[in-house]
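Novice: Contents of coords-v8.txt (compact mmCIF, C-alpha atoms) are below:
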```
# COMPACT_ATOMS: atom_id res chain seq x y z
CA MET J 118 -21.87 -91.63 17.24
CA THR J 119 -25.24 -92.10 18.96
CA ALA J 120 -27.76 -94.81 17.99
CA ASN J 121 -29.90 -92.07 16.39
CA SER J 122 -27.03 -90.74 14.28
CA GLU J 123 -26.16 -94.27 13.19
CA ASN J 124 -29.74 -94.98 12.13
CA THR J 125 -29.97 -91.64 10.32
CA LEU J 126 -26.78 -92.36 8.38
CA LYS J 127 -27.83 -95.93 7.57
CA VAL J 128 -31.27 -94.89 6.28
CA ALA J 129 -29.88 -91.98 4.25
CA GLN J 130 -27.19 -94.18 2.69
CA GLN J 131 -29.80 -96.71 1.66
CA ALA J 132 -31.93 -93.92 0.16
CA PHE J 133 -28.88 -92.53 -1.62
CA GLU J 134 -28.24 -95.93 -3.21
CA HIS J 135 -31.80 -95.93 -4.55
CA PHE J 136 -31.35 -92.31 -5.67
CA THR J 137 -28.16 -93.25 -7.56
CA HIS J 138 -29.94 -96.23 -9.10
CA GLY J 139 -32.88 -94.02 -10.13
CA LEU J 140 -30.60 -91.49 -11.82
CA ALA J 141 -28.72 -94.26 -13.65
CA THR J 142 -31.73 -96.30 -14.79
CA GLY J 143 -34.95 -94.27 -14.50
CA GLU J 144 -36.26 -96.84 -12.00
CA TRP J 145 -37.45 -94.75 -9.06
CA GLN J 146 -39.72 -97.11 -7.09
CA GLY J 147 -37.03 -98.08 -4.57
CA PHE J 148 -36.33 -94.44 -3.77
CA LEU J 149 -40.01 -93.43 -3.71
CA ASP J 150 -40.72 -96.26 -1.24
CA MET J 151 -38.33 -94.58 1.20
CA LEU J 152 -40.14 -91.21 1.18
CA THR J 153 -42.77 -90.21 3.74
CA GLU J 154 -46.21 -89.20 2.42
CA ASP J 155 -45.55 -85.59 3.52
CA PHE J 156 -42.16 -85.54 1.76
CA THR J 157 -40.96 -82.14 0.53
CA PHE J 158 -37.95 -81.14 -1.53
CA TRP J 159 -36.17 -77.97 -2.64
CA PHE J 160 -34.68 -77.79 -6.11
CA PRO J 161 -32.38 -75.01 -7.40
CA MET J 162 -33.82 -74.16 -10.81
CA GLY J 163 -36.25 -74.67 -13.70
CA LYS J 164 -39.78 -76.04 -13.56
CA TYR J 165 -39.33 -77.43 -10.02
CA HIS J 166 -37.42 -74.45 -8.60
CA GLY J 167 -38.06 -73.83 -4.90
CA LEU J 168 -40.16 -75.90 -2.50
CA ASN J 169 -42.09 -78.92 -3.82
CA GLU J 170 -44.59 -80.64 -1.54
CA GLY J 171 -45.90 -84.21 -1.46
CA LYS J 172 -44.78 -87.62 -2.62
CA GLU J 173 -46.81 -87.41 -5.85
CA LYS J 174 -44.93 -84.26 -6.83
CA ALA J 175 -41.67 -86.07 -6.11
CA LYS J 176 -42.69 -88.98 -8.37
CA GLU J 177 -43.54 -86.55 -11.17
CA PHE J 178 -40.22 -84.76 -10.67
CA PHE J 179 -38.03 -87.86 -10.74
CA GLU J 180 -39.79 -89.14 -13.86
CA TYR J 181 -39.20 -85.74 -15.46
CA VAL J 182 -35.49 -85.92 -14.51
CA SER J 183 -35.19 -89.33 -16.16
CA GLU J 184 -36.87 -88.02 -19.31
CA CYS J 185 -34.32 -85.17 -19.47
CA PHE J 186 -31.42 -87.57 -18.85
CA ALA J 187 -32.75 -90.41 -20.99
CA GLY J 188 -29.42 -92.27 -21.01
CA GLY J 189 -29.04 -91.99 -17.24
CA LEU J 190 -26.73 -90.01 -14.98
CA THR J 191 -23.59 -91.52 -13.44
CA LEU J 192 -22.65 -90.37 -9.93
CA THR J 193 -19.27 -90.24 -8.22
CA LEU J 194 -19.64 -89.82 -4.47
CA ASP J 195 -17.03 -87.55 -2.87
CA ARG J 196 -18.07 -86.98 0.75
CA ILE J 197 -20.71 -87.76 3.36
CA THR J 198 -21.36 -85.64 6.45
CA SER J 199 -24.14 -86.20 8.96
CA ASN J 200 -25.73 -85.40 12.30
CA GLU J 201 -28.65 -86.86 14.31
CA THR J 202 -31.27 -86.07 11.65
CA THR J 203 -29.57 -85.04 8.41
CA VAL J 204 -27.04 -86.49 5.96
CA VAL J 205 -25.33 -84.51 3.19
CA PHE J 206 -23.88 -86.26 0.14
CA GLU J 207 -21.44 -84.35 -2.07
CA PHE J 208 -21.00 -85.92 -5.47
CA ARG J 209 -20.29 -85.25 -9.14
CA ASP J 210 -22.61 -86.41 -11.89
CA GLU J 211 -22.23 -86.86 -15.60
CA GLY J 212 -24.47 -87.79 -18.52
CA LEU J 213 -26.40 -86.35 -21.45
CA LEU J 214 -29.05 -83.66 -20.86
CA LEU J 215 -31.39 -83.64 -23.85
CA GLU J 216 -28.49 -85.25 -25.76
CA GLN J 217 -25.92 -82.58 -24.78
CA PRO J 218 -22.93 -83.40 -22.51
CA TYR J 219 -23.78 -82.60 -18.90
CA LYS J 220 -21.55 -82.47 -15.80
CA ASN J 221 -22.24 -81.02 -12.39
CA ARG J 222 -21.10 -80.99 -8.80
CA VAL J 223 -24.01 -81.48 -6.42
CA ALA J 224 -24.83 -81.58 -2.70
CA VAL J 225 -28.04 -83.23 -1.54
CA SER J 226 -29.15 -83.05 2.06
CA PHE J 227 -31.56 -85.76 3.27
CA ASP J 228 -33.62 -85.36 6.48
CA VAL J 229 -34.44 -88.71 8.10
CA ARG J 230 -37.44 -89.69 10.27
CA GLY J 231 -37.49 -93.35 11.40
CA ASP J 232 -36.67 -95.44 8.34
CA LYS J 233 -37.74 -92.83 5.79
CA ILE J 234 -36.66 -89.54 4.19
CA TYR J 235 -39.10 -86.71 4.89
CA SER J 236 -37.30 -83.86 3.18
CA TYR J 237 -34.38 -83.13 0.93
CA ARG J 238 -32.55 -80.10 -0.42
CA GLU J 239 -30.48 -80.08 -3.58
CA TYR J 240 -27.64 -77.62 -4.29
CA PHE J 241 -25.60 -77.18 -7.48
CA GLY J 242 -21.86 -76.63 -7.34
CA SER J 243 -21.41 -75.90 -11.04
CA ASP J 244 -23.22 -74.89 -14.21
CA GLY J 245 -24.03 -78.26 -15.76
CA LYS J 246 -21.20 -77.93 -18.28
CA SER J 247 -18.09 -78.74 -16.25
CA TYR J 248 -17.00 -79.51 -12.70
CA MET E 38 -18.16 -88.08 18.47
CA THR E 39 -14.38 -88.64 18.43
CA ALA E 40 -11.83 -86.00 19.51
CA ASN E 41 -10.97 -85.44 15.82
CA SER E 42 -14.59 -84.86 14.86
CA GLU E 43 -15.01 -82.45 17.76
CA ASN E 44 -11.95 -80.44 16.74
CA THR E 45 -13.07 -80.40 13.09
CA LEU E 46 -16.50 -79.09 14.05
CA LYS E 47 -15.07 -76.48 16.43
CA VAL E 48 -12.56 -75.15 13.88
CA ALA E 49 -15.15 -75.07 11.08
CA GLN E 50 -17.68 -73.27 13.27
CA GLN E 51 -15.11 -70.63 14.16
CA ALA E 52 -14.26 -70.22 10.46
CA PHE E 53 -17.96 -69.98 9.62
CA GLU E 54 -18.37 -67.16 12.15
CA HIS E 55 -15.57 -65.26 10.40
CA PHE E 56 -17.13 -66.10 7.02
CA THR E 57 -20.49 -64.71 8.19
CA HIS E 58 -18.76 -61.62 9.54
CA GLY E 59 -16.90 -61.15 6.24
CA LEU E 60 -20.09 -61.38 4.20
CA ALA E 61 -21.86 -58.90 6.51
CA THR E 62 -19.06 -56.33 6.79
CA GLY E 63 -16.45 -56.84 4.06
CA GLU E 64 -13.84 -57.50 6.78
CA TRP E 65 -12.19 -60.76 5.72
CA GLN E 66 -8.95 -60.85 7.72
CA GLY E 67 -10.32 -63.14 10.46
CA PHE E 68 -11.48 -65.67 7.88
CA LEU E 69 -8.30 -65.43 5.77
CA ASP E 70 -6.21 -66.06 8.90
CA MET E 71 -7.91 -69.44 9.23
CA LEU E 72 -6.98 -70.64 5.73
CA THR E 73 -3.89 -72.74 4.94
CA GLU E 74 -1.41 -71.36 2.38
CA ASP E 75 -2.40 -74.14 -0.06
CA PHE E 76 -6.12 -73.38 0.39
CA THR E 77 -8.37 -74.18 -2.59
CA PHE E 78 -12.06 -73.52 -3.21
CA TRP E 79 -14.72 -74.42 -5.75
CA PHE E 80 -17.31 -71.84 -6.73
CA PRO E 81 -20.45 -72.53 -8.82
CA MET E 82 -20.48 -69.70 -11.36
CA GLY E 83 -19.14 -66.50 -12.88
CA LYS E 84 -15.57 -65.23 -12.86
CA TYR E 85 -14.48 -67.69 -10.13
CA HIS E 86 -16.36 -70.71 -11.51
CA GLY E 87 -14.64 -74.04 -10.82
CA LEU E 88 -11.47 -74.69 -8.84
CA ASN E 89 -9.51 -71.72 -7.42
CA GLU E 90 -6.07 -72.32 -5.92
CA GLY E 91 -4.08 -70.44 -3.28
CA LYS E 92 -4.79 -68.08 -0.41
CA GLU E 93 -4.07 -64.99 -2.55
CA LYS E 94 -6.80 -66.03 -4.98
CA ALA E 95 -9.15 -66.47 -2.04
CA LYS E 96 -8.36 -62.97 -0.76
CA GLU E 97 -9.05 -61.52 -4.21
CA PHE E 98 -12.32 -63.49 -4.42
CA PHE E 99 -13.69 -62.42 -1.04
CA GLU E 100 -12.86 -58.78 -1.75
CA TYR E 101 -14.68 -59.14 -5.08
CA VAL E 102 -17.71 -60.65 -3.28
CA SER E 103 -17.81 -57.70 -0.89
CA GLU E 104 -17.64 -55.26 -3.81
CA CYS E 105 -20.64 -57.00 -5.43
CA PHE E 106 -22.58 -57.01 -2.15
CA ALA E 107 -21.49 -53.57 -0.99
CA GLY E 108 -24.17 -53.38 1.73
CA GLY E 109 -23.28 -56.83 3.07
CA LEU E 110 -25.04 -60.18 3.04
CA THR E 111 -27.07 -61.45 6.00
CA LEU E 112 -26.96 -65.19 6.69
CA THR E 113 -29.50 -67.44 8.39
CA LEU E 114 -27.96 -70.77 9.36
CA ASP E 115 -30.29 -73.75 8.93
CA ARG E 116 -28.22 -76.92 9.48
CA ILE E 117 -24.75 -78.22 10.26
CA THR E 118 -23.54 -81.74 9.41
CA SER E 119 -20.01 -83.02 9.91
CA ASN E 120 -17.60 -85.93 9.98
CA GLU E 121 -13.93 -86.35 10.99
CA THR E 122 -12.61 -83.89 8.38
CA THR E 123 -15.49 -81.95 6.84
CA VAL E 124 -18.32 -79.70 8.01
CA VAL E 125 -21.27 -78.63 5.82
CA PHE E 126 -23.26 -75.49 6.64
CA GLU E 127 -26.65 -75.02 4.99
CA PHE E 128 -27.89 -71.44 5.16
CA ARG E 129 -29.93 -68.77 3.43
CA ASP E 130 -28.50 -65.39 2.57
CA GLU E 131 -30.03 -62.07 1.64
CA GLY E 132 -28.78 -58.67 0.54
CA LEU E 133 -28.32 -56.43 -2.48
CA LEU E 134 -26.27 -57.63 -5.45
CA LEU E 135 -25.16 -54.58 -7.43
CA GLU E 136 -28.13 -52.81 -5.79
CA GLN E 137 -30.70 -55.43 -6.83
CA PRO E 138 -32.49 -57.63 -4.22
CA TYR E 139 -30.63 -60.93 -3.81
CA LYS E 140 -31.65 -64.11 -1.96
CA ASN E 141 -30.17 -67.57 -2.14
CA ARG E 142 -29.99 -70.91 -0.38
CA VAL E 143 -26.41 -72.10 -0.03
CA ALA E 144 -24.37 -75.06 1.21
CA VAL E 145 -20.68 -74.60 1.98
CA SER E 146 -18.47 -77.54 2.84
CA PHE E 147 -15.27 -76.79 4.80
CA ASP E 148 -12.38 -79.30 4.99
CA VAL E 149 -10.35 -78.94 8.20
CA ARG E 150 -6.67 -79.72 8.84
CA GLY E 151 -5.45 -78.96 12.39
CA ASP E 152 -6.81 -75.53 13.29
CA LYS E 153 -7.24 -74.33 9.70
CA ILE E 154 -9.47 -74.74 6.64
CA TYR E 155 -7.60 -76.15 3.66
CA SER E 156 -10.45 -76.41 1.16
CA TYR E 157 -14.05 -75.45 0.67
CA ARG E 158 -16.82 -76.08 -1.82
CA GLU E 159 -19.80 -73.81 -2.35
CA TYR E 160 -23.15 -74.96 -3.75
CA PHE E 161 -26.22 -72.87 -4.67
CA GLY E 162 -29.72 -74.04 -3.80
CA SER E 163 -31.54 -71.32 -5.69
CA ASP E 164 -31.19 -68.70 -8.43
CA GLY E 165 -30.26 -65.62 -6.40
CA LYS E 166 -33.78 -64.20 -6.70
CA SER E 167 -35.76 -66.21 -4.16
CA TYR E 168 -35.39 -69.15 -1.75
```
So that I can check it, write out the structure of this file as structure tokens.

Specialist:
Amino acid sequence: MTANSENTLKVAQQAFEHFTHGLATGEWQGFLDMLTEDFTFWFPMGKYHGLNEGKEKAKEFFEYVSECFAGGLTLTLDRITSNETTVVFEFRDEGLLLEQPYKNRVAVSFDVRGDKIYSYREYFGSDGKSY
Amino acid sequence: MTANSENTLKVAQQAFEHFTHGLATGEWQGFLDMLTEDFTFWFPMGKYHGLNEGKEKAKEFFEYVSECFAGGLTLTLDRITSNETTVVFEFRDEGLLLEQPYKNRVAVSFDVRGDKIYSYREYFGSDGKSY
């Protein structure tokens, strides 16, 4: 593994810890601090479907997520793959979505620049009802 | 990159070429030949939602996919990440689903054992209507 790949993995893992914490608690500041100002993200469905641009939009999105999952989401990490610039986390999550049982399998792909995340793509592996 | 990681990446890339060819043409034999007998896969929705076990089930699934996308699906590969055992391909695909325009963003994660794929997970990044 090159020094670049090692840094990419380290930064993405740190961001993923903040991401996990945000989903569990609704506290997003740690994750937001790791995003570049020109951060963009792709989301699979709903109000934020498609490409979303800017850190402000991200803040709005993550607050919206924590409103939907008011009791928090619990993640179980299954796999990490990476290259020089990108790290993919495959995990399962579980919680209550607007008070209904929610379960999904998810892949998120973080693009790293320096010590920040500049882009991320989210993919759903299930329907929100079961794994 | 270790020798294991290199082999994993090489095998998965070869399988992904066959996968791409299968989606484009409906010819799945090359891909099926690269699957172990105990192959399993996870699919996000519909008739094959969840965990599917066995190579026969995979054959049935891929033939079903090619019936749904009778004109073939065209893939654009965006990113590859990998580790010692697993390779994730992020791509976009486009075609006609039961004669209606279809577009999606997809991540597939292949697990490699020796020179074969023993498991794969598929994740959708969009709704099948747009990227």

Novice: With 9 Å as the limit and counting only C-alpha atoms, what residues in chain E lie close to chain J? Please list them as a PDB file with C-alpha atoms, keeping the file's coordinate frame.

Specialist:
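Output saved as out29.pdb:
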```pdb
ATOM      1  CA  MET E  38     -18.160 -88.080  18.470  1.00  0.00           C
ATOM      2  CA  THR E  39     -14.380 -88.640  18.430  1.00  0.00           C
ATOM      3  CA  TRP E  79     -14.720 -74.420  -5.750  1.00  0.00           C
ATOM      4  CA  PHE E  80     -17.310 -71.840  -6.730  1.00  0.00           C
ATOM      5  CA  PRO E  81     -20.450 -72.530  -8.820  1.00  0.00           C
ATOM      6  CA  MET E  82     -20.480 -69.700 -11.360  1.00  0.00           C
ATOM      7  CA  HIS E  86     -16.360 -70.710 -11.510  1.00  0.00           C
ATOM      8  CA  GLY E  87     -14.640 -74.040 -10.820  1.00  0.00           C
ATOM      9  CA  LEU E  88     -11.470 -74.690  -8.840  1.00  0.00           C
ATOM     10  CA  ARG E 116     -28.220 -76.920   9.480  1.00  0.00           C
ATOM     11  CA  ILE E 117     -24.750 -78.220  10.260  1.00  0.00           C
ATOM     12  CA  THR E 118     -23.540 -81.740   9.410  1.00  0.00           C
ATOM     13  CA  SER E 119     -20.010 -83.020   9.910  1.00  0.00           C
ATOM     14  CA  ASN E 120     -17.600 -85.930   9.980  1.00  0.00           C
ATOM     15  CA  GLU E 121     -13.930 -86.350  10.990  1.00  0.00           C
ATOM     16  CA  THR E 123     -15.490 -81.950   6.840  1.00  0.00           C
ATOM     17  CA  VAL E 124     -18.320 -79.700   8.010  1.00  0.00           C
ATOM     18  CA  VAL E 125     -21.270 -78.630   5.820  1.00  0.00           C
ATOM     19  CA  GLU E 127     -26.650 -75.020   4.990  1.00  0.00           C
ATOM     20  CA  ARG E 142     -29.990 -70.910  -0.380  1.00  0.00           C
ATOM     21  CA  VAL E 143     -26.410 -72.100  -0.030  1.00  0.00           C
ATOM     22  CA  ALA E 144     -24.370 -75.060   1.210  1.00  0.00           C
ATOM     23  CA  SER E 146     -18.470 -77.540   2.840  1.00  0.00           C
ATOM     24  CA  ARG E 158     -16.820 -76.080  -1.820  1.00  0.00           C
ATOM     25  CA  GLU E 159     -19.800 -73.810  -2.350  1.00  0.00           C
ATOM     26  CA  TYR E 160     -23.150 -74.960  -3.750  1.00  0.00           C
ATOM     27  CA  PHE E 161     -26.220 -72.870  -4.670  1.00  0.00           C
ATOM     28  CA  GLY E 162     -29.720 -74.040  -3.800  1.00  0.00           C
ATOM     29  CA  SER E 163     -31.540 -71.320  -5.690  1.00  0.00           C
ATOM     30  CA  ASP E 164     -31.190 -68.700  -8.430  1.00  0.00           C
ATOM     31  CA  SER E 167     -35.760 -66.210  -4.160  1.00  0.00           C
ATOM     32  CA  TYR E 168     -35.390 -69.150  -1.750  1.00  0.00           C
TER      33      TYR E 168
END
```

Novice: Which residues, written as a ChimeraX atom specification, have at least one atom at most 10 Å from Thr193 (chain J), with all atoms listed in the file counted and residues fewer than 6 positions away on the same chain left out?

Specialist: /J:137,207-211,222

Novice: From the options J:Asn124, J:Phe148, J:Asp155, J:Gly139, which residue's atoms come nearest to Tyr181 (chain J), counting only C-alpha atoms?

Specialist: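 Ranking J:Asn124, J:Phe148, J:Asp155, J:Gly139 by distance to Tyr181 (chain J), first place goes to J:Gly139.
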
Novice: Smallest atom-to-atom distance to Lys92 (chain E): which of E:Phe106, E:Lys166, E:Tyr157, E:Gly132, using all atoms listed in the file?

Specialist: E:Tyr157

Novice: Find the residues near Trp65 (chain E): any atom within 8 Å, counting only C-alpha atoms, skip ones fewer than 5 places away on the same chain, and give them as a ChimeraX atom specification.

Specialist: /E:55-56,58-59,96,99-100

Novice: Restricted to C-alpha atoms, what would the selected residues look like written as a PDB file, in the coordinates of the input?

Specialist:
```pdb
ATOM      1  CA  HIS E  55     -15.570 -65.260  10.400  1.00  0.00           C
ATOM      2  CA  PHE E  56     -17.130 -66.100   7.020  1.00  0.00           C
ATOM      3  CA  HIS E  58     -18.760 -61.620   9.540  1.00  0.00           C
ATOM      4  CA  GLY E  59     -16.900 -61.150   6.240  1.00  0.00           C
ATOM      5  CA  LYS E  96      -8.360 -62.970  -0.760  1.00  0.00           C
ATOM      6  CA  PHE E  99     -13.690 -62.420  -1.040  1.00  0.00           C
ATOM      7  CA  GLU E 100     -12.860 -58.780  -1.750  1.00  0.00           C
TER       8      GLU E 100
END
```

Novice: What are the centre and the three edge lengths of an axis-aligned box that wraps all atoms of region 230-235 of chain J in the file, given that 6 Å is added to every side, written as JSON and rounded to one decimal in Å?

Specialist:
```
{"center_x": -37.9, "center_y": -91.1, "center_z": 7.8, "size_x": 14.4, "size_y": 20.7, "size_z": 19.2}
```

Novice: Quick one: pull the distance between CA of Glu136 (chain E) and CA of Phe78 (chain E), Å, one decimal.

Specialist: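 These atoms are spaced 26.3 Å apart.
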
Novice: Closest to Glu154 (chain J) among J:Leu213, J:Glu177, J:Gly171, J:Ala141, using only C-alpha atoms?

Specialist: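 Under the stated criterion, the closest residue is J:Gly171.
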
Novice: Ranking J:Asp195, J:Met151, J:Leu190, J:Lys164 by minimum distance to Gln131 (chain J) and counting only C-alpha atoms, which one comes first?

Specialist: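 The answer is J:Met151, which sits nearest to Gln131 (chain J).
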
Novice: Kindly give the distance, in Å, that separates CA of Leu214 (chain J) and CA of Thr142 (chain J), rounded to a single decimal.

Specialist: 14.3 Å

Novice: Write out all heavy atoms for region 119-130 of chain E, as a short mmCIF file (atom, residue, chain, number, x, y, z; two decimals), in the frame of the given file.

Specialist:
```
data_model
loop_
_atom_site.label_atom_id
_atom_site.label_comp_id
_atom_site.auth_asym_id
_atom_site.auth_seq_id
_atom_site.Cartn_x
_atom_site.Cartn_y
_atom_site.Cartn_z
N SER E 119 -21.48 -82.92 9.89
CA SER E 119 -20.01 -83.02 9.91
C SER E 119 -19.55 -84.46 10.01
O SER E 119 -20.32 -85.37 10.34
CB SER E 119 -19.46 -82.22 11.09
OG SER E 119 -19.96 -82.72 12.30
N ASN E 120 -18.27 -84.66 9.70
CA ASN E 120 -17.60 -85.93 9.98
C ASN E 120 -16.20 -85.63 10.53
O ASN E 120 -15.97 -84.54 11.06
CB ASN E 120 -17.59 -86.84 8.72
CG ASN E 120 -16.81 -86.26 7.56
OD1 ASN E 120 -15.91 -85.43 7.75
ND2 ASN E 120 -17.14 -86.68 6.35
N GLU E 121 -15.26 -86.53 10.39
CA GLU E 121 -13.93 -86.35 10.99
C GLU E 121 -13.14 -85.19 10.38
O GLU E 121 -12.26 -84.62 11.03
CB GLU E 121 -13.10 -87.63 10.78
CG GLU E 121 -13.59 -88.83 11.54
CD GLU E 121 -12.81 -89.05 12.83
OE1 GLU E 121 -11.58 -88.93 12.80
OE2 GLU E 121 -13.45 -89.34 13.85
N THR E 122 -13.43 -84.87 9.11
CA THR E 122 -12.61 -83.89 8.38
C THR E 122 -13.38 -82.73 7.78
O THR E 122 -12.79 -81.72 7.42
CB THR E 122 -11.87 -84.58 7.20
OG1 THR E 122 -12.88 -85.20 6.37
CG2 THR E 122 -10.90 -85.64 7.69
N THR E 123 -14.68 -82.89 7.64
CA THR E 123 -15.49 -81.95 6.84
C THR E 123 -16.74 -81.51 7.58
O THR E 123 -17.36 -82.30 8.28
CB THR E 123 -15.89 -82.65 5.51
OG1 THR E 123 -14.69 -82.99 4.80
CG2 THR E 123 -16.75 -81.76 4.64
N VAL E 124 -17.09 -80.23 7.40
CA VAL E 124 -18.32 -79.70 8.01
C VAL E 124 -19.11 -78.95 6.93
O VAL E 124 -18.55 -78.10 6.23
CB VAL E 124 -18.01 -78.75 9.18
CG1 VAL E 124 -19.30 -78.28 9.84
CG2 VAL E 124 -17.12 -79.45 10.21
N VAL E 125 -20.40 -79.29 6.79
CA VAL E 125 -21.27 -78.63 5.82
C VAL E 125 -22.25 -77.72 6.54
O VAL E 125 -22.93 -78.15 7.48
CB VAL E 125 -22.04 -79.66 4.96
CG1 VAL E 125 -23.01 -78.95 4.02
CG2 VAL E 125 -21.08 -80.54 4.17
N PHE E 126 -22.31 -76.46 6.11
CA PHE E 126 -23.26 -75.49 6.64
C PHE E 126 -24.31 -75.21 5.55
O PHE E 126 -23.94 -74.83 4.44
CB PHE E 126 -22.55 -74.17 6.98
CG PHE E 126 -21.50 -74.32 8.04
CD1 PHE E 126 -20.20 -74.70 7.71
CD2 PHE E 126 -21.80 -74.09 9.38
CE1 PHE E 126 -19.22 -74.85 8.68
CE2 PHE E 126 -20.82 -74.24 10.36
CZ PHE E 126 -19.53 -74.62 10.01
N GLU E 127 -25.57 -75.41 5.89
CA GLU E 127 -26.65 -75.02 4.99
C GLU E 127 -27.25 -73.74 5.54
O GLU E 127 -27.62 -73.68 6.71
CB GLU E 127 -27.72 -76.11 4.92
CG GLU E 127 -27.26 -77.39 4.25
CD GLU E 127 -28.35 -78.46 4.27
OE1 GLU E 127 -29.35 -78.33 3.55
OE2 GLU E 127 -28.21 -79.43 5.04
N PHE E 128 -27.36 -72.72 4.69
CA PHE E 128 -27.89 -71.44 5.16
C PHE E 128 -28.63 -70.72 4.04
O PHE E 128 -28.55 -71.12 2.87
CB PHE E 128 -26.76 -70.57 5.71
CG PHE E 128 -25.66 -70.21 4.73
CD1 PHE E 128 -25.76 -69.09 3.93
CD2 PHE E 128 -24.52 -71.01 4.61
CE1 PHE E 128 -24.76 -68.76 3.03
CE2 PHE E 128 -23.51 -70.67 3.71
CZ PHE E 128 -23.63 -69.55 2.92
N ARG E 129 -29.36 -69.69 4.41
CA ARG E 129 -29.93 -68.77 3.43
C ARG E 129 -29.21 -67.43 3.56
O ARG E 129 -28.76 -67.10 4.66
CB ARG E 129 -31.42 -68.58 3.70
CG ARG E 129 -32.26 -69.79 3.25
CD ARG E 129 -33.59 -69.81 3.93
NE ARG E 129 -33.43 -70.17 5.35
CZ ARG E 129 -34.14 -69.68 6.33
NH1 ARG E 129 -35.10 -68.80 6.10
NH2 ARG E 129 -33.92 -70.06 7.58
N ASP E 130 -29.08 -66.72 2.45
CA ASP E 130 -28.50 -65.39 2.57
C ASP E 130 -29.36 -64.38 1.81
O ASP E 130 -30.18 -64.73 0.95
CB ASP E 130 -27.04 -65.34 2.13
CG ASP E 130 -26.80 -65.79 0.71
OD1 ASP E 130 -27.78 -65.91 -0.06
OD2 ASP E 130 -25.64 -66.02 0.35
#
```
